[in-house]
>>> print(open('structure-v9.cif').read())   # mmCIF, C-alpha atoms
data_query
#
loop_
_atom_site.label_atom_id
_atom_site.label_comp_id
_atom_site.auth_asym_id
_atom_site.auth_seq_id
_atom_site.Cartn_x
_atom_site.Cartn_y
_atom_site.Cartn_z
CA MET H 1 125.25 110.53 133.56
CA LYS H 2 127.10 107.48 132.29
CA THR H 3 124.22 105.22 133.39
CA THR H 4 121.71 107.37 131.52
CA PHE H 5 123.84 107.17 128.39
CA VAL H 6 124.07 103.39 128.61
CA ILE H 7 120.30 103.06 129.09
CA LEU H 8 119.60 105.36 126.15
CA ALA H 9 122.05 103.48 123.93
CA GLY H 10 120.43 100.19 124.96
CA LEU H 11 116.99 101.49 124.14
CA LEU H 12 118.16 102.66 120.73
CA VAL H 13 119.73 99.29 119.93
CA PHE H 14 116.58 97.50 121.11
CA ALA H 15 114.37 99.76 119.01
CA GLY H 16 116.54 99.18 115.95
CA CYS H 17 116.46 95.39 116.38
CA SER H 18 112.76 95.08 117.04
CA ASN H 19 111.61 97.37 114.22
CA LYS H 20 111.64 94.76 111.44
CA GLU H 21 108.12 95.43 110.13
CA GLN H 22 106.34 98.76 109.98
CA PRO H 23 102.87 98.28 111.52
CA GLN H 24 100.06 99.67 109.41
CA PRO H 25 98.15 102.66 110.81
CA PRO H 26 94.92 101.48 112.54
CA ASP H 27 92.63 103.34 110.09
CA GLN H 28 94.38 101.79 107.09
CA ARG H 29 94.18 98.33 108.66
CA ALA H 30 90.44 98.77 109.27
CA ARG H 31 89.95 99.98 105.70
CA LEU H 32 91.72 96.92 104.31
CA GLU H 33 89.72 94.56 106.56
CA LYS H 34 86.50 96.12 105.28
CA LEU H 35 87.68 95.83 101.68
CA ARG H 36 88.54 92.16 102.19
CA GLN H 37 85.07 91.53 103.56
CA GLN H 38 83.49 93.26 100.55
CA LEU H 39 85.61 91.19 98.16
CA GLN H 40 84.59 87.99 99.92
CA GLU H 41 80.94 88.96 99.47
CA VAL H 42 81.38 89.84 95.79
CA LEU H 43 83.47 86.79 94.84
CA GLY H 44 81.66 84.25 97.05
CA GLU H 45 83.04 80.72 96.68
CA LYS H 46 85.46 81.93 94.01
CA TYR H 47 87.31 84.07 96.59
CA ASP H 48 89.78 81.30 97.46
CA ALA H 49 90.09 79.71 94.02
CA PRO H 50 93.79 79.45 93.08
CA ILE H 51 95.24 81.07 89.98
CA PRO H 52 97.49 78.83 87.85
CA VAL H 53 101.26 79.11 87.59
CA ALA H 54 102.28 81.72 84.98
CA THR H 55 103.87 80.93 81.66
CA THR H 56 107.00 82.82 80.64
CA THR H 57 104.95 84.74 78.08
CA GLN H 58 102.48 85.82 80.76
CA LEU H 59 105.25 86.97 83.10
CA THR H 60 106.94 88.92 80.31
CA ARG H 61 103.68 90.61 79.38
CA GLY H 62 102.86 91.26 83.03
CA SER H 63 106.29 92.78 83.60
CA ALA H 64 105.89 95.16 80.65
CA LEU H 65 102.42 96.24 81.83
CA PHE H 66 103.67 96.69 85.38
CA ALA H 67 106.41 99.05 84.19
CA GLU H 68 103.84 101.10 82.25
CA LEU H 69 100.89 101.12 84.61
CA CYS H 70 101.97 100.35 88.16
CA ALA H 71 105.59 101.39 88.71
CA GLY H 72 104.72 105.09 88.96
CA CYS H 73 102.96 104.53 92.30
CA HIS H 74 104.22 101.11 93.47
CA GLY H 75 107.86 101.59 92.49
CA ALA H 76 109.88 99.98 89.70
CA ARG H 77 110.51 96.96 91.95
CA GLY H 78 106.97 96.83 93.30
CA ASP H 79 108.17 97.59 96.83
CA GLY H 80 106.18 100.82 97.17
CA LYS H 81 109.37 102.91 96.99
CA VAL H 82 109.08 105.69 94.44
CA GLU H 83 111.11 108.64 93.24
CA HIS H 84 108.99 111.08 95.24
CA PRO H 85 107.98 109.24 98.44
CA GLY H 86 105.10 110.51 100.50
CA VAL H 87 103.49 112.33 97.59
CA LEU H 88 100.43 110.11 97.30
CA LEU H 89 97.77 110.53 99.97
CA GLN H 90 97.86 106.80 100.80
CA GLN H 91 100.93 104.60 100.92
CA PRO H 92 100.82 102.24 97.89
CA SER H 93 101.04 98.49 98.54
CA ASN H 94 104.44 96.84 98.76
CA PHE H 95 104.09 93.72 96.58
CA THR H 96 107.34 92.24 97.85
CA ASP H 97 106.13 92.17 101.47
CA LYS H 98 104.70 88.81 102.55
CA ALA H 99 102.07 90.22 104.92
CA GLN H 100 100.74 92.64 102.30
CA ALA H 101 100.99 90.14 99.44
CA THR H 102 98.92 87.52 101.25
CA PHE H 103 96.37 89.77 102.95
CA PHE H 104 93.87 89.26 100.11
CA SER H 105 93.30 86.01 98.21
CA GLU H 106 94.61 85.60 94.67
CA GLN H 107 91.16 86.12 93.13
CA ALA H 108 90.65 89.19 95.31
CA ARG H 109 93.88 90.77 94.13
CA LEU H 110 92.94 90.12 90.50
CA GLN H 111 89.57 91.72 91.23
CA LEU H 112 91.36 94.81 92.63
CA ILE H 113 93.24 95.11 89.34
CA ARG H 114 89.92 94.91 87.48
CA LYS H 115 87.91 97.28 89.65
CA GLY H 116 90.44 99.39 91.55
CA ILE H 117 90.00 100.55 95.13
CA PRO H 118 87.28 103.18 95.53
CA GLY H 119 88.42 106.30 97.33
CA THR H 120 92.09 105.79 96.46
CA ALA H 121 94.32 106.56 93.49
CA MET H 122 94.21 102.84 92.57
CA MET H 123 91.96 102.76 89.53
CA GLY H 124 90.42 99.68 87.90
CA TRP H 125 91.93 98.58 84.62
CA GLU H 126 89.08 96.54 83.12
CA GLU H 127 88.10 99.37 80.81
CA VAL H 128 91.60 99.59 79.41
CA LEU H 129 93.00 96.06 79.47
CA PRO H 130 91.58 92.74 78.22
CA GLU H 131 91.13 90.02 80.85
CA GLU H 132 94.25 88.11 79.78
CA ASP H 133 96.38 91.23 80.31
CA MET H 134 94.96 91.80 83.80
CA LEU H 135 95.67 88.15 84.59
CA ALA H 136 99.26 88.54 83.33
CA LEU H 137 99.62 91.68 85.43
CA TYR H 138 98.41 89.85 88.52
CA MET H 139 100.78 86.95 87.83
CA TYR H 140 103.72 89.35 87.65
CA VAL H 141 102.67 91.09 90.87
CA ARG H 142 102.41 87.67 92.55
CA HIS H 143 105.84 86.80 91.17
CA LEU H 144 107.32 89.86 92.92
CA TYR H 145 106.57 88.24 96.25
CA GLN H 146 106.91 84.57 95.34
CA SER H 147 110.34 85.03 93.79
CA ARG H 148 111.66 86.16 97.19
CA GLU H 149 110.47 83.01 98.92
CA PRO H 150 113.05 80.36 99.92
CA ASN H 151 113.21 77.45 97.43
CA PHE H 152 111.34 79.53 94.83
CA LEU H 153 113.26 77.96 91.94
CA ASN H 154 112.44 74.41 93.11
CA LYS H 155 108.70 75.27 93.37
CA GLU H 156 108.51 76.84 89.90
CA MET E 1 115.55 159.93 114.14
CA ARG E 2 113.18 157.19 115.20
CA SER E 3 110.83 157.83 112.29
CA VAL E 4 113.75 157.70 109.85
CA PHE E 5 114.64 154.29 111.28
CA ILE E 6 111.07 152.99 110.90
CA LEU E 7 110.86 154.37 107.37
CA SER E 8 114.13 152.64 106.49
CA LEU E 9 112.82 149.37 107.86
CA ALA E 10 109.61 149.70 105.87
CA LEU E 11 111.55 150.48 102.71
CA PHE E 12 113.84 147.52 103.33
CA GLY E 13 110.81 145.24 103.81
CA TRP E 14 109.21 146.54 100.64
CA ALA E 15 112.43 146.01 98.70
CA CYS E 16 112.75 142.44 99.99
CA GLN E 17 109.18 141.66 99.06
CA THR E 18 109.47 142.98 95.56
CA GLN E 19 112.68 141.05 95.00
CA GLU E 20 111.26 137.75 96.18
CA THR E 21 111.28 135.35 93.27
CA PHE E 22 109.12 132.42 92.26
CA ARG E 23 110.38 128.94 93.06
CA GLY E 24 108.84 127.61 89.87
CA THR E 25 109.78 128.82 86.41
CA GLU E 26 108.65 132.40 85.89
CA MET E 27 107.11 132.90 82.46
CA PRO E 28 107.16 136.00 80.32
CA GLU E 29 103.68 137.29 81.14
CA THR E 30 101.41 135.42 78.73
CA PRO E 31 97.70 136.28 78.69
CA ILE E 32 95.66 133.12 78.11
CA ALA E 33 92.92 133.60 75.52
CA ASP E 34 89.51 133.22 77.12
CA PHE E 35 87.87 129.83 76.71
CA GLU E 36 84.80 127.95 77.84
CA LEU E 37 84.65 124.26 78.78
CA GLN E 38 82.30 122.21 80.99
CA ASP E 39 83.06 121.11 84.52
CA GLN E 40 82.33 117.68 85.99
CA ASN E 41 78.83 118.83 86.95
CA GLY E 42 78.03 120.01 83.42
CA ARG E 43 78.33 123.68 84.34
CA PRO E 44 80.15 126.06 81.97
CA PHE E 45 83.61 127.17 83.07
CA LYS E 46 85.04 130.34 81.52
CA LEU E 47 88.54 131.55 82.28
CA SER E 48 87.33 135.15 82.27
CA ASP E 49 84.94 134.29 85.14
CA GLN E 50 87.94 133.48 87.35
CA ARG E 51 89.30 137.05 87.43
CA GLY E 52 90.55 137.94 90.91
CA LYS E 53 91.58 134.35 91.66
CA VAL E 54 94.84 132.53 91.15
CA VAL E 55 94.13 129.45 89.05
CA LEU E 56 96.29 126.31 88.99
CA PHE E 57 95.89 124.27 85.82
CA PHE E 58 96.95 120.70 85.21
CA PHE E 59 96.31 118.64 82.10
CA GLY E 60 95.79 114.98 82.87
CA TYR E 61 93.46 111.99 82.65
CA THR E 62 91.86 109.60 85.07
CA PHE E 63 93.66 106.49 83.76
CA CYS E 64 97.02 108.22 84.14
CA PRO E 65 99.19 105.77 86.10
CA ASP E 66 101.77 108.14 87.51
CA VAL E 67 102.07 111.93 87.34
CA CYS E 68 98.35 112.80 87.50
CA PRO E 69 97.47 111.12 90.83
CA MET E 70 100.73 112.47 92.26
CA THR E 71 99.87 115.99 91.17
CA LEU E 72 96.34 115.73 92.57
CA SER E 73 97.77 114.48 95.88
CA THR E 74 100.11 117.47 95.94
CA TRP E 75 97.19 119.78 95.18
CA LYS E 76 95.26 118.37 98.12
CA ARG E 77 98.18 119.16 100.43
CA VAL E 78 98.55 122.62 98.87
CA GLN E 79 94.84 123.22 99.42
CA ASP E 80 95.16 122.29 103.09
CA ALA E 81 98.34 124.36 103.55
CA LEU E 82 96.83 127.52 102.07
CA GLY E 83 94.40 128.01 104.97
CA ASN E 84 92.11 130.96 104.37
CA ASP E 85 94.02 131.91 101.22
CA VAL E 86 92.42 128.92 99.51
CA GLN E 87 89.32 131.08 98.97
CA GLN E 88 91.35 133.02 96.40
CA VAL E 89 92.61 129.97 94.52
CA LYS E 90 91.07 127.51 92.06
CA PHE E 91 92.42 124.09 91.11
CA VAL E 92 91.50 123.12 87.56
CA TYR E 93 92.19 119.73 85.98
CA VAL E 94 91.66 119.62 82.21
CA THR E 95 91.31 116.18 80.66
CA VAL E 96 93.64 115.12 77.86
CA ASP E 97 91.47 112.02 77.33
CA PRO E 98 87.92 113.22 76.60
CA GLU E 99 86.94 109.85 75.05
CA ARG E 100 87.27 107.96 78.32
CA ASP E 101 87.00 110.78 80.86
CA THR E 102 83.27 111.26 81.12
CA ARG E 103 81.98 113.91 83.48
CA GLU E 104 80.95 111.17 85.93
CA LYS E 105 84.41 109.63 85.83
CA LEU E 106 86.07 113.00 86.33
CA GLN E 107 83.86 113.65 89.33
CA THR E 108 84.49 110.27 90.95
CA HIS E 109 88.23 110.58 90.37
CA LEU E 110 88.62 114.15 91.61
CA ASP E 111 86.44 113.49 94.66
CA ILE E 112 89.12 111.05 95.86
CA PHE E 113 91.36 114.05 96.36
CA SER E 114 89.02 117.02 96.89
CA SER E 115 85.47 117.81 95.91
CA ASP E 116 86.61 121.41 95.37
CA PHE E 117 88.84 120.52 92.44
CA ILE E 118 87.33 121.40 89.09
CA GLY E 119 87.53 118.86 86.25
CA LEU E 120 87.05 120.18 82.74
CA THR E 121 86.11 118.51 79.49
CA GLY E 122 84.46 119.64 76.28
CA GLU E 123 84.27 119.27 72.53
CA HIS E 124 87.49 118.22 70.83
CA GLU E 125 88.01 121.56 69.08
CA ALA E 126 87.40 123.55 72.26
CA LEU E 127 89.85 121.35 74.16
CA ARG E 128 92.41 121.56 71.36
CA GLN E 129 92.35 125.36 71.57
CA VAL E 130 92.93 125.24 75.32
CA TYR E 131 95.85 122.82 74.90
CA ALA E 132 97.30 125.19 72.29
CA ALA E 133 96.84 128.24 74.55
CA PHE E 134 98.94 126.58 77.26
CA GLY E 135 101.33 124.86 74.84
CA VAL E 136 100.32 121.42 76.08
CA TYR E 137 101.72 118.39 74.24
CA LEU E 138 99.84 115.10 74.15
CA GLU E 139 100.15 111.80 72.34
CA LYS E 140 98.20 108.54 72.59
CA VAL E 141 100.29 105.42 73.09
CA SER E 142 98.70 102.01 72.57
CA ILE E 143 99.32 99.42 75.31
CA ALA E 144 96.70 96.77 74.54
CA ALA E 145 94.79 95.41 71.56
CA SER E 146 91.55 97.31 72.17
CA ALA E 147 90.06 100.69 71.30
CA THR E 148 90.42 101.87 74.90
CA GLY E 149 93.80 100.22 75.52
CA TYR E 150 96.00 103.30 75.43
CA LEU E 151 97.89 105.72 77.64
CA VAL E 152 98.33 109.42 76.93
CA ASN E 153 101.78 110.96 77.14
CA HIS E 154 101.30 114.58 78.06
CA THR E 155 102.87 117.71 79.46
CA SER E 156 103.16 117.25 83.20
CA ARG E 157 103.69 120.81 84.42
CA MET E 158 101.34 122.79 86.65
CA PHE E 159 100.43 126.13 85.11
CA VAL E 160 99.77 129.03 87.47
CA VAL E 161 97.54 131.76 86.07
CA ASP E 162 97.26 135.02 87.98
CA GLN E 163 94.22 137.09 88.95
CA ASN E 164 94.20 138.75 85.52
CA GLY E 165 94.19 135.56 83.45
CA VAL E 166 97.91 135.79 82.72
CA LEU E 167 100.13 132.70 82.79
CA ARG E 168 102.92 133.52 85.24
CA VAL E 169 104.59 130.37 86.58
CA LEU E 170 105.26 126.75 85.60
CA LEU E 171 105.84 124.18 88.32
CA ASP E 172 107.05 120.62 88.00
CA HIS E 173 104.40 117.99 88.79
CA ALA E 174 106.64 116.81 91.63
CA ALA E 175 107.26 120.30 93.02
CA PRO E 176 107.29 120.37 96.83
CA VAL E 177 104.05 121.54 98.43
CA ASP E 178 105.91 124.47 100.05
CA ASP E 179 107.07 125.72 96.65
CA VAL E 180 103.59 125.64 95.17
CA VAL E 181 102.12 127.42 98.21
CA HIS E 182 104.95 129.97 98.11
CA ASP E 183 104.37 130.88 94.47
CA ILE E 184 100.60 131.09 94.88
CA ARG E 185 101.01 133.41 97.87
CA LEU E 186 103.44 135.61 95.95
CA LEU E 187 100.76 136.10 93.31
CA LEU E 188 98.08 136.68 95.96
CA ARG E 189 100.31 139.42 97.40
CA GLY E 190 100.34 141.03 93.98
CA LYS E 191 103.86 140.24 92.84
CA LYS E 192 104.58 141.85 89.47
#
>>> encode(input="structure-v9.cif", output="structure tokens")
Amino acid sequence: MKTTFVILAGLLVFAGCSNKEQPQPPDQRARLEKLRQQLQEVLGEKYDAPIPVATTTQLTRGSALFAELCAGCHGARGDGKVEHPGVLLQQPSNFTDKAQATFFSEQARLQLIRKGIPGTAMMGWEEVLPEEDMLALYMYVRHLYQSREPNFLNKE
Amino acid sequence: MRSVFILSLALFGWACQTQETFRGTEMPETPIADFELQDQNGRPFKLSDQRGKVVLFFFGYTFCPDVCPMTLSTWKRVQDALGNDVQQVKFVYVTVDPERDTREKLQTHLDIFSSDFIGLTGEHEALRQVYAAFGVYLEKVSIAASATGYLVNHTSRMFVVDQNGVLRVLLDHAAPVDDVVHDIRLLLRGKK
């Protein structure tokens, strides 16, 4: 009995230590892979073109737009945690997570803001926002991840 | 003696059923004046044609960044949870943004959640009368320097209309799926 308890406790501790990142469900992973491929085809050579460092004005504007347009689904901190979790049919992206933030290129993520993601609640904003606002929004979303990186202040 | 016992049980069951209350906010029974709008396929939709069905109404718009997609996600789960009862229920989404919500856009947006959801639009005056019938508040709020750069603040409740076209229950947009299903089933069982 005691041995069983020790084994179970060990397994629990091991599970707790090794569960640092939640793996994405296979269907969601496949969907994202397909979307990345489509974006590469649409953007062509531009897919990997970098987007410049943001100005303070752009980050301020992006932050205000994020609070209005994105926080409802992606959470006030952009970490995908919302007041009513599990309500949306698909889990919204966590912009503070390195793996998710770097899955698409910069231009691809800006394109997702413009066009949205078909078949999901993520709508495109190009009909509502001018290009400079969508760029500011992207820069703020990028900042959510970059600002958590070591030596962020030295890089900026 | 045995039949008295069974009768008592039946009476007790009946009493429990009649005392069961809605989990949403029960409204003083308010008949909704009949109206006609167009659905996302261009077909006319009249409230009076829905007699015999419980109808869930929500007033939203496709660019809504928060409560509308959440409500539609909840509706999808409610639809799945209702099982066969879903045949007696309609889910109706009325736009509060007829300028941007074309029929095509309503269709594309609702199809993300369920192709059975009905999206309604219409002439401004016809829509205004429907908003007034349900007491829906709405206000445009500019967010960008362009004609289409606005959000719409709006009432975020679900309105549950019974089989006789009478508004019976209000539910919060974030109401748990179980609560929505519960209140729909109470109406389907004929709760007065």
>>> residues_around(input="structure-v9.cif", residues="Ala145 in chain E", least_positions_apart="4", cutoff="10 Å", atoms="all atoms listed in the file", output="JSON, numbers by chain")
{"H": [128, 129, 130, 133], "E": [149, 150]}
>>> closest_atom_pairs(input="structure-v9.cif", of="chain H", to="chain E", cutoff="12 Å", atoms="only C-alpha atoms", output="tab-separated table")
residue	atom	partner	partner_atom	distance
H:Arg61	CA	E:Ala144	CA	10.5
H:Gly62	CA	E:Ile143	CA	11.8
H:Ala64	CA	E:Ile143	CA	9.5
H:Leu65	CA	E:Ile143	CA	7.9
H:Phe66	CA	E:Pro65	CA	10.2
H:Ala67	CA	E:Pro65	CA	10.0
H:Glu68	CA	E:Pro65	CA	7.6
H:Leu69	CA	E:Pro65	CA	5.2
H:Cys70	CA	E:Pro65	CA	6.4
H:Ala71	CA	E:Asp66	CA	7.8
H:Gly72	CA	E:Asp66	CA	4.5
H:Cys73	CA	E:Asp66	CA	6.1
H:His74	CA	E:Asp66	CA	9.5
H:Gly75	CA	E:Asp66	CA	10.2
H:Ala76	CA	E:Asp66	CA	11.7
H:Val82	CA	E:Asp66	CA	10.4
H:Glu83	CA	E:Ala174	CA	9.5
H:His84	CA	E:Ala174	CA	7.2
H:Pro85	CA	E:Met70	CA	10.1
H:Gly86	CA	E:Ser73	CA	9.5
H:Val87	CA	E:Met70	CA	6.0
H:Leu88	CA	E:Ser73	CA	5.3
H:Leu89	CA	E:Ser73	CA	5.7
H:Gln90	CA	E:Ser73	CA	9.1
H:Gln91	CA	E:Ser73	CA	11.5
H:Pro92	CA	E:Met70	CA	11.7
H:Gly116	CA	E:Phe63	CA	11.0
H:Ile117	CA	E:Ile112	CA	10.6
H:Pro118	CA	E:Ile112	CA	8.1
H:Gly119	CA	E:Ile112	CA	5.0
H:Thr120	CA	E:Ile112	CA	6.1
H:Ala121	CA	E:Pro69	CA	6.1
H:Met122	CA	E:Pro65	CA	8.7
H:Met123	CA	E:Phe63	CA	7.1
H:Gly124	CA	E:Phe63	CA	8.6
H:Trp125	CA	E:Phe63	CA	8.1
H:Glu126	CA	E:Gly149	CA	9.7
H:Glu127	CA	E:Thr148	CA	6.8
H:Val128	CA	E:Gly149	CA	4.5
H:Leu129	CA	E:Gly149	CA	5.8
H:Pro130	CA	E:Ala144	CA	7.5
H:Glu131	CA	E:Ala144	CA	10.8
H:Glu132	CA	E:Ala144	CA	10.4
H:Asp133	CA	E:Ala144	CA	8.0
H:Met134	CA	E:Ala144	CA	10.7
>>> resolve_selection(input="structure-v9.cif", expression="the PyMOL selection byres ((chain E and resi 192) around 10)", output="PyMOL selection string")
chain E and resi 18-19+29+168+186-187+189-191
>>> resolve_selection(input="structure-v9.cif", expression="the PyMOL selection byres ((chain H and resi 97) around 10)", output="ChimeraX atom specification")
/H:21,78-80,93-96,98-102,144-146,148
>>> atom_distance(input="structure-v9.cif", atom1="CA of Ser105 in chain H", atom2="CA of Pro52 in chain H")
13.3 Å
>>> closest_residue(input="structure-v9.cif", among="E:Ser114, E:Val169, E:Leu106, E:Tyr61", to="Lys140 in chain E", atoms="all atoms listed in the file")
E:Tyr61
>>> atom_distance(input="structure-v9.cif", atom1="CA of Ile118 in chain E", atom2="CA of Asp179 in chain E")
21.6 Å
>>> residues_around(input="structure-v9.cif", residues="Phe57 in chain E", least_positions_apart="6", cutoff="8 Å", atoms="all atoms listed in the file", output="list in words")
Phe91, Val92, Tyr93, Val94, Met158, Phe159, Val160 and Val161 of chain E
>>> decode(input="structure-v9.cif", residues="range 74-98 of chain H", atoms="N, CA and C atoms", output="mmCIF file, in the first residue's frame")
data_model
loop_
_atom_site.group_PDB
_atom_site.id
_atom_site.type_symbol
_atom_site.label_atom_id
_atom_site.label_comp_id
_atom_site.auth_asym_id
_atom_site.auth_seq_id
_atom_site.Cartn_x
_atom_site.Cartn_y
_atom_site.Cartn_z
ATOM 1 N N HIS H 74 -9.051 37.645 -26.577
ATOM 2 C CA HIS H 74 -7.662 37.256 -26.290
ATOM 3 C C HIS H 74 -7.229 37.611 -24.870
ATOM 4 N N GLY H 75 -8.117 38.252 -24.113
ATOM 5 C CA GLY H 75 -7.776 38.617 -22.740
ATOM 6 C C GLY H 75 -7.125 39.982 -22.672
ATOM 7 N N ALA H 76 -7.324 40.667 -21.549
ATOM 8 C CA ALA H 76 -6.804 42.032 -21.389
ATOM 9 C C ALA H 76 -5.286 42.063 -21.513
ATOM 10 N N ARG H 77 -4.620 40.945 -21.135
ATOM 11 C CA ARG H 77 -3.160 40.896 -21.224
ATOM 12 C C ARG H 77 -2.688 40.182 -22.483
ATOM 13 N N GLY H 78 -3.608 39.777 -23.322
ATOM 14 C CA GLY H 78 -3.239 39.098 -24.565
ATOM 15 C C GLY H 78 -2.800 37.661 -24.361
ATOM 16 N N ASP H 79 -3.074 37.108 -23.185
ATOM 17 C CA ASP H 79 -2.616 35.741 -22.896
ATOM 18 C C ASP H 79 -3.704 34.695 -23.139
ATOM 19 N N GLY H 80 -4.801 35.107 -23.772
ATOM 20 C CA GLY H 80 -5.876 34.160 -24.092
ATOM 21 C C GLY H 80 -6.753 33.822 -22.901
ATOM 22 N N LYS H 81 -6.485 34.496 -21.753
ATOM 23 C CA LYS H 81 -7.308 34.227 -20.565
ATOM 24 C C LYS H 81 -8.389 35.292 -20.465
ATOM 25 N N VAL H 82 -9.642 34.832 -20.478
ATOM 26 C CA VAL H 82 -10.760 35.774 -20.481
ATOM 27 C C VAL H 82 -11.672 35.520 -19.294
ATOM 28 N N GLU H 83 -12.614 36.434 -19.128
ATOM 29 C CA GLU H 83 -13.527 36.369 -17.983
ATOM 30 C C GLU H 83 -14.352 35.082 -18.002
ATOM 31 N N HIS H 84 -14.716 34.632 -19.200
ATOM 32 C CA HIS H 84 -15.546 33.433 -19.318
ATOM 33 C C HIS H 84 -14.801 32.398 -20.166
ATOM 34 N N PRO H 85 -13.814 31.710 -19.592
ATOM 35 C CA PRO H 85 -12.993 30.796 -20.395
ATOM 36 C C PRO H 85 -13.810 29.640 -20.967
ATOM 37 N N GLY H 86 -13.391 29.189 -22.130
ATOM 38 C CA GLY H 86 -14.039 28.022 -22.723
ATOM 39 C C GLY H 86 -15.332 28.347 -23.429
ATOM 40 N N VAL H 87 -15.680 29.627 -23.516
ATOM 41 C CA VAL H 87 -16.940 29.985 -24.165
ATOM 42 C C VAL H 87 -16.802 29.917 -25.681
ATOM 43 N N LEU H 88 -15.698 30.463 -26.203
ATOM 44 C CA LEU H 88 -15.510 30.427 -27.653
ATOM 45 C C LEU H 88 -15.271 28.994 -28.132
ATOM 46 N N LEU H 89 -15.647 28.733 -29.372
ATOM 47 C CA LEU H 89 -15.520 27.366 -29.890
ATOM 48 C C LEU H 89 -14.062 26.977 -30.079
ATOM 49 N N GLN H 90 -13.205 27.965 -30.431
ATOM 50 C CA GLN H 90 -11.770 27.685 -30.532
ATOM 51 C C GLN H 90 -11.018 28.526 -29.505
ATOM 52 N N GLN H 91 -9.944 27.970 -28.986
ATOM 53 C CA GLN H 91 -9.140 28.695 -28.013
ATOM 54 C C GLN H 91 -8.410 29.845 -28.720
ATOM 55 N N PRO H 92 -8.613 31.093 -28.280
ATOM 56 C CA PRO H 92 -7.919 32.218 -28.928
ATOM 57 C C PRO H 92 -6.404 32.145 -28.678
ATOM 58 N N SER H 93 -5.634 32.763 -29.595
ATOM 59 C CA SER H 93 -4.175 32.743 -29.461
ATOM 60 C C SER H 93 -3.729 33.436 -28.178
ATOM 61 N N ASN H 94 -2.632 32.920 -27.647
ATOM 62 C CA ASN H 94 -1.965 33.544 -26.504
ATOM 63 C C ASN H 94 -0.771 34.312 -27.064
ATOM 64 N N PHE H 95 -0.866 35.644 -27.104
ATOM 65 C CA PHE H 95 0.184 36.458 -27.727
ATOM 66 C C PHE H 95 1.436 36.559 -26.868
ATOM 67 N N THR H 96 1.353 36.117 -25.628
ATOM 68 C CA THR H 96 2.540 36.196 -24.771
ATOM 69 C C THR H 96 3.372 34.912 -24.836
ATOM 70 N N ASP H 97 2.868 33.910 -25.534
ATOM 71 C CA ASP H 97 3.545 32.617 -25.610
ATOM 72 C C ASP H 97 4.489 32.601 -26.822
ATOM 73 N N LYS H 98 5.751 32.260 -26.577
ATOM 74 C CA LYS H 98 6.760 32.345 -27.632
ATOM 75 C C LYS H 98 6.413 31.460 -28.834
#
